[in-house]
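Next comes start_4.txt, with compact mmCIF, C-alpha atoms and all ligand atoms.
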```
# COMPACT_ATOMS: atom_id res chain seq x y z
CA MET A 1 59.34 -4.19 -88.69
CA LYS A 2 58.32 -7.75 -89.32
CA LEU A 3 54.78 -8.80 -88.81
CA SER A 4 55.86 -11.24 -86.08
CA SER A 5 57.54 -8.41 -84.15
CA LYS A 6 54.35 -6.32 -84.41
CA LEU A 7 52.36 -9.23 -83.01
CA VAL A 8 54.74 -9.64 -80.09
CA ILE A 9 54.44 -5.94 -79.26
CA ALA A 10 50.65 -6.09 -79.57
CA ALA A 11 50.58 -9.15 -77.31
CA PHE A 12 52.85 -7.37 -74.86
CA ILE A 13 50.60 -4.33 -74.79
CA LEU A 14 47.61 -6.59 -74.34
CA VAL A 15 49.27 -8.37 -71.41
CA ILE A 16 50.18 -5.04 -69.81
CA GLY A 17 46.66 -3.79 -70.42
CA LEU A 18 45.10 -6.90 -68.94
CA THR A 19 47.46 -6.79 -65.95
CA ALA A 20 46.65 -3.15 -65.42
CA TYR A 21 42.97 -3.96 -65.66
CA GLN A 22 43.40 -6.82 -63.20
CA LEU A 23 45.35 -4.58 -60.82
CA TRP A 24 42.67 -1.94 -61.13
CA VAL A 25 39.92 -4.52 -60.48
CA ASP A 26 41.90 -5.87 -57.53
CA PHE A 27 42.40 -2.37 -56.22
CA TYR A 28 38.77 -1.51 -56.73
CA THR A 29 37.59 -4.71 -55.07
CA SER A 30 39.98 -4.39 -52.18
CA SER A 31 39.15 -0.74 -51.72
CA SER A 32 35.48 -1.51 -51.90
CA GLN A 33 36.02 -4.25 -49.35
CA GLU A 34 37.89 -1.77 -47.25
CA ALA A 35 35.04 0.63 -47.74
CA SER A 36 32.55 -1.94 -46.61
CA ILE A 37 34.66 -2.57 -43.51
CA ILE A 38 34.65 1.10 -42.80
CA ILE A 39 30.89 1.15 -43.18
CA THR A 40 30.66 -1.69 -40.70
CA ALA A 41 32.89 0.18 -38.35
CA GLU A 42 30.74 3.25 -38.71
CA ALA A 43 27.46 1.36 -38.19
CA PRO A 44 25.82 2.48 -34.94
CA VAL A 45 27.20 0.28 -32.18
CA GLU A 46 24.70 -0.08 -29.36
CA LYS A 47 25.94 2.41 -26.83
CA GLN A 48 26.02 1.29 -23.24
CA LYS A 49 23.15 2.93 -21.42
CA PRO A 50 24.28 5.04 -18.48
CA THR A 51 23.41 3.59 -15.10
CA VAL A 52 20.82 5.87 -13.55
CA PHE A 53 19.99 5.86 -9.88
CA TYR A 54 17.06 8.04 -8.85
CA GLY A 55 17.77 10.41 -11.72
CA MET A 56 21.55 10.51 -11.19
CA VAL A 57 24.02 9.05 -13.71
CA ILE A 58 26.24 6.88 -11.56
CA ASP A 59 28.67 5.28 -14.05
CA ALA A 60 32.02 4.80 -12.34
CA LEU A 61 30.38 5.46 -8.99
CA GLU A 62 29.52 3.02 -6.25
CA ILE A 63 26.67 2.78 -3.77
CA SER A 64 26.93 1.88 -0.13
CA ARG A 65 23.76 1.03 1.79
CA ASP A 66 23.35 1.32 5.51
CA LYS A 67 20.82 2.24 8.17
CA ILE A 68 20.69 5.33 10.34
CA LYS A 69 22.19 4.59 13.74
CA SER A 70 21.22 6.10 17.03
CA ARG A 71 22.18 9.78 17.37
CA GLN A 72 23.73 9.79 13.91
CA HIS A 73 23.72 13.10 12.07
CA LEU A 74 24.33 13.96 8.44
CA SER A 75 27.94 14.85 9.29
CA ASP A 76 28.52 11.43 10.93
CA ILE A 77 27.15 9.58 7.92
CA LEU A 78 29.28 11.58 5.49
CA ALA A 79 32.43 11.60 7.65
CA PRO A 80 34.16 8.69 5.82
CA TYR A 81 33.38 10.21 2.41
CA ASN A 82 35.70 13.19 2.08
CA VAL A 83 33.12 15.92 2.55
CA SER A 84 34.37 19.19 4.00
CA LYS A 85 32.77 20.88 6.99
CA GLU A 86 31.85 23.77 4.72
CA ASP A 87 30.02 21.46 2.33
CA ILE A 88 28.15 19.75 5.20
CA TYR A 89 27.14 23.21 6.38
CA SER A 90 25.92 24.20 2.89
CA LEU A 91 24.05 20.90 2.62
CA SER A 92 22.32 21.41 5.97
CA LYS A 93 21.39 24.91 4.87
CA SER A 94 20.02 23.62 1.58
CA ALA A 95 17.82 21.14 3.47
CA LYS A 96 15.98 23.97 5.24
CA GLY A 97 12.37 24.04 4.13
CA VAL A 98 12.85 20.84 2.11
CA PHE A 99 13.54 18.23 4.77
CA ASP A 100 13.90 18.56 8.52
CA LEU A 101 17.24 16.90 9.32
CA ARG A 102 16.01 16.12 12.85
CA LYS A 103 13.65 13.68 11.14
CA LEU A 104 16.42 11.25 10.17
CA ARG A 105 15.05 8.19 11.94
CA VAL A 106 17.02 5.33 13.48
CA ASN A 107 16.97 2.15 11.34
CA LYS A 108 15.75 3.91 8.20
CA PRO A 109 17.86 2.94 5.17
CA TYR A 110 20.09 5.26 3.18
CA ASP A 111 22.48 5.00 0.25
CA VAL A 112 25.72 6.90 -0.18
CA VAL A 113 26.68 7.36 -3.83
CA TYR A 114 30.44 7.84 -3.94
CA LYS A 115 33.48 7.89 -6.22
CA PRO A 116 35.67 4.94 -5.21
CA ASP A 117 39.10 6.63 -5.17
CA SER A 118 41.80 5.99 -2.58
CA LEU A 119 39.84 8.57 -0.67
CA PRO A 120 36.16 7.79 -1.46
CA THR A 121 34.21 10.97 -2.19
CA ALA A 122 30.46 11.25 -1.63
CA LYS A 123 28.45 12.51 -4.60
CA ALA A 124 25.02 12.09 -3.05
CA LEU A 125 23.17 10.69 -0.08
CA VAL A 126 19.73 9.18 -0.57
CA TYR A 127 17.62 8.83 2.58
CA TYR A 128 14.45 6.75 2.47
CA HIS A 129 11.91 8.37 4.76
CA ASN A 130 9.26 5.70 4.09
CA ASP A 131 8.22 3.31 1.30
CA ILE A 132 7.40 6.21 -0.99
CA ASP A 133 9.18 9.41 0.06
CA TYR A 134 12.92 9.89 -0.13
CA VAL A 135 15.36 12.76 0.03
CA ILE A 136 18.47 13.24 -2.12
CA PHE A 137 21.30 15.31 -0.70
CA HIS A 138 23.37 16.27 -3.75
CA LEU A 139 27.11 16.78 -3.22
CA ASP A 140 28.38 16.67 -6.79
CA ASP A 141 28.79 19.87 -8.82
CA SER A 142 26.28 21.76 -6.77
CA ILE A 143 25.06 21.20 -3.26
CA TYR A 144 21.32 20.96 -2.79
CA THR A 145 18.56 18.93 -1.16
CA GLU A 146 15.73 17.40 -3.11
CA LYS A 147 12.59 15.73 -1.77
CA LYS A 148 11.09 13.14 -4.08
CA SER A 149 8.45 10.42 -4.17
CA LYS A 150 8.57 7.06 -5.85
CA GLU A 151 5.89 6.29 -8.38
CA ILE A 152 2.88 4.39 -7.03
CA ILE A 153 1.43 1.94 -9.50
CA VAL A 154 -2.15 0.85 -8.90
CA LYS A 155 -2.83 -2.66 -10.10
CA GLU A 156 -6.11 -4.54 -10.06
CA GLN A 157 -5.76 -7.89 -8.31
CA GLU A 158 -8.04 -10.81 -7.61
CA THR A 159 -7.94 -13.34 -4.85
CA THR A 160 -10.06 -16.02 -3.27
CA GLY A 161 -9.89 -18.01 -0.06
CA ILE A 162 -11.69 -20.50 2.14
CA ILE A 163 -11.95 -19.92 5.88
CA ASN A 164 -10.51 -22.64 8.08
CA SER A 165 -10.19 -20.74 11.34
CA SER A 166 -10.41 -16.96 11.05
CA LEU A 167 -10.34 -14.47 8.21
CA SER A 168 -7.04 -12.97 9.34
CA VAL A 169 -5.36 -16.40 9.58
CA THR A 170 -6.69 -17.38 6.14
CA ILE A 171 -5.48 -14.14 4.57
CA SER A 172 -2.05 -14.34 6.20
CA GLU A 173 -1.71 -18.00 5.14
CA MET A 174 -2.35 -16.82 1.60
CA GLY A 175 0.54 -14.37 1.98
CA LEU A 176 -1.74 -11.36 1.52
CA SER A 177 -1.68 -8.03 3.32
CA PRO A 178 -3.53 -7.85 6.67
CA ILE A 179 -4.98 -4.61 5.31
CA LEU A 180 -7.14 -6.80 3.07
CA THR A 181 -8.60 -8.47 6.19
CA ASN A 182 -9.50 -5.08 7.65
CA GLU A 183 -10.97 -3.81 4.40
CA LEU A 184 -12.99 -6.94 3.77
CA ALA A 185 -14.29 -6.99 7.36
CA ASP A 186 -15.30 -3.33 6.93
CA VAL A 187 -17.10 -3.91 3.62
CA PHE A 188 -19.25 -6.69 5.07
CA ALA A 189 -19.31 -5.45 8.68
CA TRP A 190 -23.11 -5.28 8.70
CA GLN A 191 -23.79 -8.50 6.80
CA ILE A 192 -21.35 -10.86 8.46
CA ASP A 193 -20.15 -11.31 12.04
CA PHE A 194 -16.46 -11.78 11.35
CA PHE A 195 -15.94 -13.09 14.85
CA ARG A 196 -18.30 -15.95 14.11
CA LEU A 197 -17.30 -17.23 10.71
CA TYR A 198 -18.07 -20.80 9.72
CA PRO A 199 -15.41 -23.21 8.46
CA GLY A 200 -15.99 -23.35 4.72
CA ASP A 201 -17.08 -19.71 4.47
CA LYS A 202 -15.34 -18.39 1.38
CA PHE A 203 -14.67 -15.19 -0.48
CA LYS A 204 -13.58 -13.71 -3.78
CA VAL A 205 -12.19 -10.18 -3.94
CA ILE A 206 -11.26 -7.78 -6.71
CA TYR A 207 -9.13 -5.02 -5.26
CA GLU A 208 -6.69 -2.31 -6.19
CA GLU A 209 -3.22 -2.80 -4.83
CA GLN A 210 -0.63 -0.03 -4.64
CA LEU A 211 2.83 -1.08 -5.73
CA VAL A 212 6.11 0.78 -5.35
CA GLU A 213 9.09 -0.74 -7.18
CA GLY A 214 7.10 -3.97 -7.46
CA LYS A 215 6.47 -4.14 -3.72
CA SER A 216 2.98 -3.93 -2.26
CA ILE A 217 2.50 -0.93 0.01
CA GLY A 218 -1.22 -1.12 0.50
CA ILE A 219 -4.70 -1.56 -0.85
CA SER A 220 -6.44 1.50 -2.19
CA ALA A 221 -9.90 -0.05 -2.48
CA ILE A 222 -11.85 -3.25 -2.72
CA LYS A 223 -13.72 -2.87 -6.03
CA ALA A 224 -16.02 -5.85 -5.67
CA ALA A 225 -16.32 -8.90 -3.48
CA VAL A 226 -18.50 -11.85 -2.71
CA PHE A 227 -18.45 -13.46 0.72
CA GLU A 228 -20.26 -16.74 1.10
CA HIS A 229 -21.22 -16.96 4.76
CA ASN A 230 -23.11 -19.96 6.09
CA GLY A 231 -24.08 -20.87 2.52
CA TYR A 232 -25.40 -17.39 1.65
CA GLU A 233 -23.65 -15.24 -0.95
CA ASN A 234 -23.20 -11.57 -0.07
CA TYR A 235 -22.11 -9.39 -3.00
CA ALA A 236 -20.53 -5.97 -2.59
CA TYR A 237 -19.88 -3.42 -5.33
CA TYR A 238 -17.89 -0.26 -4.90
CA TYR A 239 -19.61 2.70 -6.50
CA ASP A 240 -19.27 6.47 -6.49
CA GLN A 241 -22.61 8.24 -6.70
CA GLY A 242 -21.02 11.65 -6.80
CA THR A 243 -21.69 12.56 -3.20
CA SER A 244 -20.16 9.50 -1.57
CA ILE A 245 -18.31 6.32 -2.42
CA ASP A 246 -19.74 3.24 -0.80
CA TYR A 247 -20.50 -0.44 -1.15
CA PHE A 248 -23.81 -1.64 -2.47
CA ASP A 249 -25.49 -4.97 -3.04
CA GLU A 250 -26.73 -6.03 -6.50
CA GLU A 251 -29.98 -4.14 -5.94
CA GLY A 252 -28.15 -0.90 -5.17
CA LYS A 253 -28.82 -0.96 -1.43
CA SER A 254 -26.00 0.36 0.72
CA LEU A 255 -24.09 -2.25 2.70
CA ARG A 256 -23.22 0.35 5.28
CA LYS A 257 -25.73 0.96 8.00
CA ALA A 258 -25.85 4.24 9.84
CA PHE A 259 -22.98 3.05 12.08
CA LEU A 260 -19.73 1.18 11.81
CA LYS A 261 -20.15 -2.09 13.62
CA TYR A 262 -16.81 -1.95 15.43
CA PRO A 263 -15.04 0.98 17.09
CA VAL A 264 -11.61 -0.44 16.14
CA GLN A 265 -10.47 -2.09 12.93
CA PHE A 266 -10.61 -5.88 12.87
CA SER A 267 -9.39 -7.01 16.29
CA ARG A 268 -10.53 -9.60 18.85
CA ILE A 269 -13.62 -9.52 21.05
CA SER A 270 -12.35 -10.30 24.53
CA SER A 271 -15.70 -10.02 26.31
CA ARG A 272 -19.22 -9.81 24.95
CA TYR A 273 -22.23 -7.96 26.30
CA SER A 274 -23.77 -10.10 29.04
CA GLY A 275 -26.18 -9.97 31.94
CA SER A 276 -23.64 -11.69 34.18
CA ARG A 277 -19.92 -12.23 33.72
CA TYR A 278 -16.96 -12.75 36.01
CA HIS A 279 -15.15 -9.43 36.26
CA PRO A 280 -11.41 -10.01 35.76
CA VAL A 281 -10.34 -7.17 38.06
CA GLN A 282 -13.14 -7.07 40.63
CA LYS A 283 -13.24 -10.92 40.78
CA ARG A 284 -17.02 -11.16 41.02
CA TYR A 285 -20.01 -11.72 38.78
CA LYS A 286 -21.74 -8.64 37.46
CA ALA A 287 -23.46 -7.46 34.30
CA HIS A 288 -21.20 -6.39 31.43
CA ARG A 289 -23.12 -3.80 29.49
CA GLY A 290 -20.57 -3.40 26.76
CA THR A 291 -18.43 -5.27 24.25
CA ASP A 292 -14.71 -5.44 24.88
CA PHE A 293 -12.37 -5.35 21.89
CA ALA A 294 -8.80 -6.30 22.75
CA ALA A 295 -6.29 -4.37 20.64
CA PRO A 296 -2.72 -3.15 21.10
CA ARG A 297 -2.22 0.01 23.14
CA GLY A 298 -2.41 3.05 20.88
CA THR A 299 -4.76 1.48 18.29
CA PRO A 300 -7.06 4.28 17.06
CA ILE A 301 -10.62 4.15 18.39
CA ARG A 302 -13.11 5.58 15.92
CA SER A 303 -16.56 6.96 16.34
CA VAL A 304 -18.99 4.43 14.87
CA GLY A 305 -21.13 7.23 13.51
CA GLU A 306 -21.47 10.95 13.01
CA GLY A 307 -22.39 12.78 16.19
CA THR A 308 -21.57 15.20 18.96
CA VAL A 309 -19.22 14.51 21.86
CA VAL A 310 -21.14 14.73 25.14
CA ALA A 311 -18.32 13.60 27.46
CA ALA A 312 -14.53 13.32 27.12
CA GLN A 313 -12.91 12.87 30.51
CA TYR A 314 -11.28 10.62 33.09
CA GLY A 315 -13.25 8.46 35.52
CA LYS A 316 -12.01 6.15 38.27
CA TYR A 317 -13.60 3.05 36.68
CA ASN A 318 -13.99 4.09 33.05
CA GLY A 319 -10.52 5.59 32.75
CA ASN A 320 -10.26 8.04 29.86
CA TYR A 321 -13.54 7.81 28.01
CA VAL A 322 -15.56 9.51 25.29
CA LYS A 323 -19.33 9.49 24.91
CA ILE A 324 -21.00 10.46 21.62
CA ARG A 325 -24.63 11.28 20.94
CA HIS A 326 -25.48 10.37 17.34
CA ASN A 327 -29.13 11.38 17.22
CA SER A 328 -32.18 11.35 19.46
CA ILE A 329 -32.09 7.55 19.56
CA TYR A 330 -28.44 6.47 19.64
CA THR A 331 -25.51 7.17 21.95
CA THR A 332 -22.18 5.32 22.12
CA GLN A 333 -19.36 5.30 24.67
CA TYR A 334 -15.73 4.17 24.53
CA LEU A 335 -13.76 3.37 27.70
CA HIS A 336 -10.23 2.75 29.03
CA MET A 337 -8.43 4.90 26.43
CA SER A 338 -4.71 5.45 26.86
CA LYS A 339 -5.36 8.93 25.49
CA ILE A 340 -8.32 10.94 24.23
CA ALA A 341 -7.60 12.28 20.71
CA SER A 342 -6.73 15.95 20.54
CA GLY A 343 -9.67 18.26 19.90
CA ILE A 344 -12.19 15.78 21.30
CA LYS A 345 -14.17 17.59 24.00
CA PRO A 346 -17.85 18.12 24.85
CA GLY A 347 -19.54 19.83 21.92
CA THR A 348 -17.06 18.58 19.27
CA HIS A 349 -18.78 17.33 16.13
CA VAL A 350 -17.29 14.04 14.91
CA LYS A 351 -17.59 12.22 11.61
CA GLN A 352 -18.13 8.51 11.17
CA GLY A 353 -14.79 6.73 11.45
CA GLN A 354 -13.03 9.72 13.02
CA THR A 355 -10.39 8.84 15.61
CA ILE A 356 -11.60 9.93 19.04
CA GLY A 357 -8.95 8.23 21.19
CA TYR A 358 -6.49 5.38 21.50
CA VAL A 359 -6.74 1.92 23.06
CA GLY A 360 -5.32 1.64 26.57
CA ALA A 361 -6.01 0.19 30.00
CA THR A 362 -6.86 3.23 32.13
CA GLY A 363 -9.43 2.89 34.92
CA LEU A 364 -10.62 -0.56 35.95
CA ALA A 365 -9.12 -2.66 33.15
CA ALA A 366 -7.05 -5.84 33.14
CA GLY A 367 -5.40 -5.24 29.76
CA ASN A 368 -5.43 -3.04 26.66
CA HIS A 369 -8.93 -2.97 25.20
CA VAL A 370 -11.78 -0.67 24.40
CA CYS A 371 -15.09 -1.25 26.16
CA TYR A 372 -17.73 -0.19 23.67
CA ARG A 373 -21.16 0.74 25.00
CA PHE A 374 -24.32 1.40 23.07
CA TRP A 375 -27.56 3.10 24.05
CA LYS A 376 -30.79 2.92 22.07
CA SER A 377 -33.58 5.22 23.25
CA GLY A 378 -31.97 5.51 26.67
CA TYR A 379 -31.44 1.77 27.21
CA GLN A 380 -28.11 -0.02 27.05
CA VAL A 381 -28.16 -2.68 24.37
CA ASP A 382 -25.76 -5.15 22.76
CA ALA A 383 -24.05 -3.17 19.99
CA LEU A 384 -23.45 -6.33 17.99
CA LYS A 385 -27.10 -7.41 18.05
CA VAL A 386 -29.05 -4.19 17.74
CA LYS A 387 -30.91 -3.79 14.41
CA LEU A 388 -30.08 -0.56 12.65
CA PRO A 389 -31.52 1.15 9.56
CA SER A 390 -29.87 1.03 6.11
CA SER A 391 -27.80 3.89 4.79
CA GLU A 392 -28.63 5.70 1.51
CA PRO A 393 -29.21 3.43 -1.52
CA ILE A 394 -28.15 4.17 -5.11
CA LYS A 395 -30.05 7.17 -6.44
CA LYS A 396 -32.72 6.46 -9.08
CA GLU A 397 -30.87 8.40 -11.77
CA MET A 398 -27.65 6.44 -11.10
CA MET A 399 -29.30 3.04 -11.07
CA GLU A 400 -28.75 2.25 -14.76
CA ASP A 401 -25.05 3.06 -14.62
CA PHE A 402 -24.63 1.22 -11.33
CA GLY A 403 -26.36 -1.81 -12.88
CA LEU A 404 -23.77 -1.94 -15.68
CA VAL A 405 -20.82 -1.52 -13.31
CA ALA A 406 -22.17 -4.18 -10.94
CA ALA A 407 -22.93 -6.62 -13.80
CA ASN A 408 -19.36 -6.33 -15.09
CA PHE A 409 -17.91 -6.94 -11.65
CA LYS A 410 -20.27 -9.86 -11.06
CA LYS A 411 -19.09 -11.47 -14.29
CA GLN A 412 -15.49 -10.97 -13.21
CA LEU A 413 -16.17 -12.35 -9.72
CA ASP A 414 -18.04 -15.38 -11.03
CA ALA A 415 -15.12 -16.19 -13.32
CA ILE A 416 -12.80 -16.52 -10.31
CA ARG A 417 -12.78 -20.04 -8.98
CA TYR A 418 -12.71 -20.87 -5.31
CA PRO A 419 -9.56 -22.83 -4.34
CA MET A 420 -11.69 -25.96 -3.82
CA GLU A 421 -13.20 -25.63 -7.31
CA LYS A 422 -9.70 -25.35 -8.78
CA VAL A 423 -8.88 -28.82 -7.39
CA THR A 424 -12.18 -30.28 -8.64
CA ALA A 425 -11.69 -28.69 -12.04
CA SER A 426 -8.19 -30.12 -12.50
CA ILE A 427 -9.42 -33.63 -11.59
CA GLY A 428 -12.42 -33.25 -13.90
CA GLY A 429 -10.22 -31.78 -16.63
CA SER A 430 -8.25 -35.00 -17.11
CA GLN A 431 -11.32 -36.89 -18.33
ZN ZN B 501 -16.17 -3.78 28.97
```
File written out as structure tokens:
Amino acid sequence: MKLSSKLVIAAFILVIGLTAYQLWVDFYTSSSQEASIIITAEAPVEKQKPTVFYGMVIDALEISRDKIKSRQHLSDILAPYNVSKEDIYSLSKSAKGVFDLRKLRVNKPYDVVYKPDSLPTAKALVYYHNDIDYVIFHLDDSIYTEKKSKEIIVKEQETTGIINSSLSVTISEMGLSPILTNELADVFAWQIDFFRLYPGDKFKVIYEEQLVEGKSIGISAIKAAVFEHNGYENYAYYYDQGTSIDYFDEEGKSLRKAFLKYPVQFSRISSRYSGSRYHPVQKRYKAHRGTDFAAPRGTPIRSVGEGTVVAAQYGKYNGNYVKIRHNSIYTTQYLHMSKIASGIKPGTHVKQGQTIGYVGATGLAAGNHVCYRFWKSGYQVDALKVKLPSSEPIKKEMMEDFGLVAANFKKQLDAIRYPMEKVTASIGGSQ
């Protein structure tokens, strides 16, 4: 073989070798690319979270909301949802001891969770008994009734307001709960006459609000507040001394006197104690030895202090009334009740704030109100003007701790700006 031929063969082999190498590289690269694609495909794709409704996975299910109608039973509600009579029977049986089906109330909301086939099939019924409690009637794999409660979240809130007309109007204008009016009026009941507020009176409150699904359902407690009345600042701090929780001023004196000032929560005084007033029913002037609080029929009437019932009966003029002896000095009486509370009879011991009856218009009364009468040492006096002793102050051994708690709250209160100050501050801030 000639040298040239050998070279050609060598070149040929080289070309084949290079081509093979190239093919191999191509293959390797492509396969590695393929591999990387596979890896991508295998990378964890974010899985769609299942839709959960009160603990039930409801993917591919639908929810229909409605309200309980008059005389509607479980079977009526479930009638359009392909539930057999036998299953309704089992469901009713499962409810026994969990939820009384007679307690399905008109206008209360419910949800039917169902499978949207040509014939929709109910999987569950959720009935909302109130803002917190609800009942789930399960109709899926197994039939059972479950009573549950929504989670209550307690959140600390702050607010401030300036009185233009009344506390309740101011608070409702601010879009706050009327419960706050009642609570605030109770905290300062002995310091401030809430029926005689001055325009410009102002307040700051730190309180605990109870929220369910982001919606306010109530106020658990006012933690601290300052109410500036007629130019004077009244501070209140909530403190638990072990035996009782109460409100105290900065010196640790209780804000609560031995009695509640009002026998009903914040309402309206329709007639004050007076030596001579025109009687609306009898149409003549006579002394009114009581304070009338107008309130809707059925409003609970509470005993202003601890004591013993000395009378609980009906009288031609007084209507249904209750009289309570608190101690050797003080006696109170409550007239015109629609109903005396059950268990209230002569000899019954009552606690401060205990419901003793309900507002009505029995006896000689023009409208729903409670006539509240007050005796001091055997003489009838004006309940709103009588001077009463202070309740228990902070105990000596608790004073240091109370001082710290109160100081922290005071700092927090003082940092809140009154609405007026907010305006001033924003004008001043532009300088
Ligand atoms: Zn009266």
| message | Taking all atoms listed in the file into account, which residues have an atom no farther than 8 Å from ligand ZN 501 (chain B)? I'd like them as a PyMOL selection string. | response | chain A and resi 271-273+288-292+335+370-373
| Distance query 8 Å from (-8.1, -9.5, 36.2) using all atoms listed in the file, result as a VMD selection string | chain A and resid 279 to 283 365 to 366
| Residue nearest A:Gly319 among A:Lys351, A:Lys339, A:Lys215, A:Lys108 (counting all atoms listed in the file) | A:Lys339
| said: Report as a ChimeraX atom specification all protein, DNA and RNA residues lying within 7 Å of A:Ser377, evaluated on all atoms listed in the file, omitting residues in the same chain fewer than 2 positions from it. | reply: /A:329-330,375,379
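Atom CA of A:Gly347 is positioned 28.5 Å from atom CA of A:Ala189.
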| query | Taking (-16.1, -17.6, 14.2) in the file's coordinates as the center, which residues reach within 12 Å of it, counting all atoms listed in the file, put as a ChimeraX atom specification? | reply | /A:163-169,192-201,229-230,268-269
| request: For stretch 69-81 of chain A, work out the shell of residues within 6 Å, counting all atoms listed in the file and skipping chain neighbours fewer than 4 positions away, then give it as an MDAnalysis selection string. | output: chainID A and resid 106 120:122
| Closest of A:Leu211, A:Leu125, A:Val350, A:Met337 to A:Tyr317 - atom-to-atom distances counting all atoms listed in the file | A:Met337
| query | Using all atoms listed in the file, which residues sit within 12 Å of stretch 404-416 of chain A once same-chain residues fewer than 2 positions away are excluded, as a ChimeraX atom specification? | reply | /A:156-161,203-207,222-227,233-241,247-252,394,398-402,418-422
| query | Within 12 Å of stretch 295-300 of chain A, counting all atoms listed in the file, which residues qualify if same-chain residues fewer than 2 places away don't, as number ranges by chain? | reply | A: 262-270, 292-293, 302-303, 334, 336-341, 353-362, 367-371
Writer output for current selection, C-alpha atoms, as an mmCIF file, in the frame of the given file:
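Wrote it out as out-v6.cif, contents follow:
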```cif
data_model
loop_
_atom_site.group_PDB
_atom_site.id
_atom_site.type_symbol
_atom_site.label_atom_id
_atom_site.label_comp_id
_atom_site.auth_asym_id
_atom_site.auth_seq_id
_atom_site.Cartn_x
_atom_site.Cartn_y
_atom_site.Cartn_z
ATOM 1 C CA TYR A 262 -16.810 -1.950 15.430
ATOM 2 C CA PRO A 263 -15.040 0.980 17.090
ATOM 3 C CA VAL A 264 -11.610 -0.440 16.140
ATOM 4 C CA GLN A 265 -10.470 -2.090 12.930
ATOM 5 C CA PHE A 266 -10.610 -5.880 12.870
ATOM 6 C CA SER A 267 -9.390 -7.010 16.290
ATOM 7 C CA ARG A 268 -10.530 -9.600 18.850
ATOM 8 C CA ILE A 269 -13.620 -9.520 21.050
ATOM 9 C CA SER A 270 -12.350 -10.300 24.530
ATOM 10 C CA ASP A 292 -14.710 -5.440 24.880
ATOM 11 C CA PHE A 293 -12.370 -5.350 21.890
ATOM 12 C CA ARG A 302 -13.110 5.580 15.920
ATOM 13 C CA SER A 303 -16.560 6.960 16.340
ATOM 14 C CA TYR A 334 -15.730 4.170 24.530
ATOM 15 C CA HIS A 336 -10.230 2.750 29.030
ATOM 16 C CA MET A 337 -8.430 4.900 26.430
ATOM 17 C CA SER A 338 -4.710 5.450 26.860
ATOM 18 C CA LYS A 339 -5.360 8.930 25.490
ATOM 19 C CA ILE A 340 -8.320 10.940 24.230
ATOM 20 C CA ALA A 341 -7.600 12.280 20.710
ATOM 21 C CA GLY A 353 -14.790 6.730 11.450
ATOM 22 C CA GLN A 354 -13.030 9.720 13.020
ATOM 23 C CA THR A 355 -10.390 8.840 15.610
ATOM 24 C CA ILE A 356 -11.600 9.930 19.040
ATOM 25 C CA GLY A 357 -8.950 8.230 21.190
ATOM 26 C CA TYR A 358 -6.490 5.380 21.500
ATOM 27 C CA VAL A 359 -6.740 1.920 23.060
ATOM 28 C CA GLY A 360 -5.320 1.640 26.570
ATOM 29 C CA ALA A 361 -6.010 0.190 30.000
ATOM 30 C CA THR A 362 -6.860 3.230 32.130
ATOM 31 C CA GLY A 367 -5.400 -5.240 29.760
ATOM 32 C CA ASN A 368 -5.430 -3.040 26.660
ATOM 33 C CA HIS A 369 -8.930 -2.970 25.200
ATOM 34 C CA VAL A 370 -11.780 -0.670 24.400
ATOM 35 C CA CYS A 371 -15.090 -1.250 26.160
#
```
| request: Between atom CA of A:Gly343 and atom CA of A:Lys261, measure the distance and give it in Å to one decimal. | output: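 Computing it gives 23.7 Å between the two atoms.
Note that the spacing between atom CA of A:Asp186 and atom CA of A:Glu306 amounts to 16.7 Å.
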| task | Please provide the set of residues having any atom within 8 Å of stretch 132-141 of chain A, restricted to only C-alpha atoms, with same-chain residues fewer than 6 positions apart removed, written as a PyMOL selection string. | result | chain A and resi 87+91+95+99+122-126+147-152+212
| query | Which residue, A:Val113, A:Leu388, A:Leu101, A:Ile171, has the smallest gap to A:Ile63 when you use all atoms listed in the file? | reply | A:Val113
| Nearest-residue call for A:Val304, choices A:Leu260, A:Ala287, A:Leu184, A:Met56, using all atoms listed in the file |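 Selected residue with least distance to A:Val304: A:Leu260.
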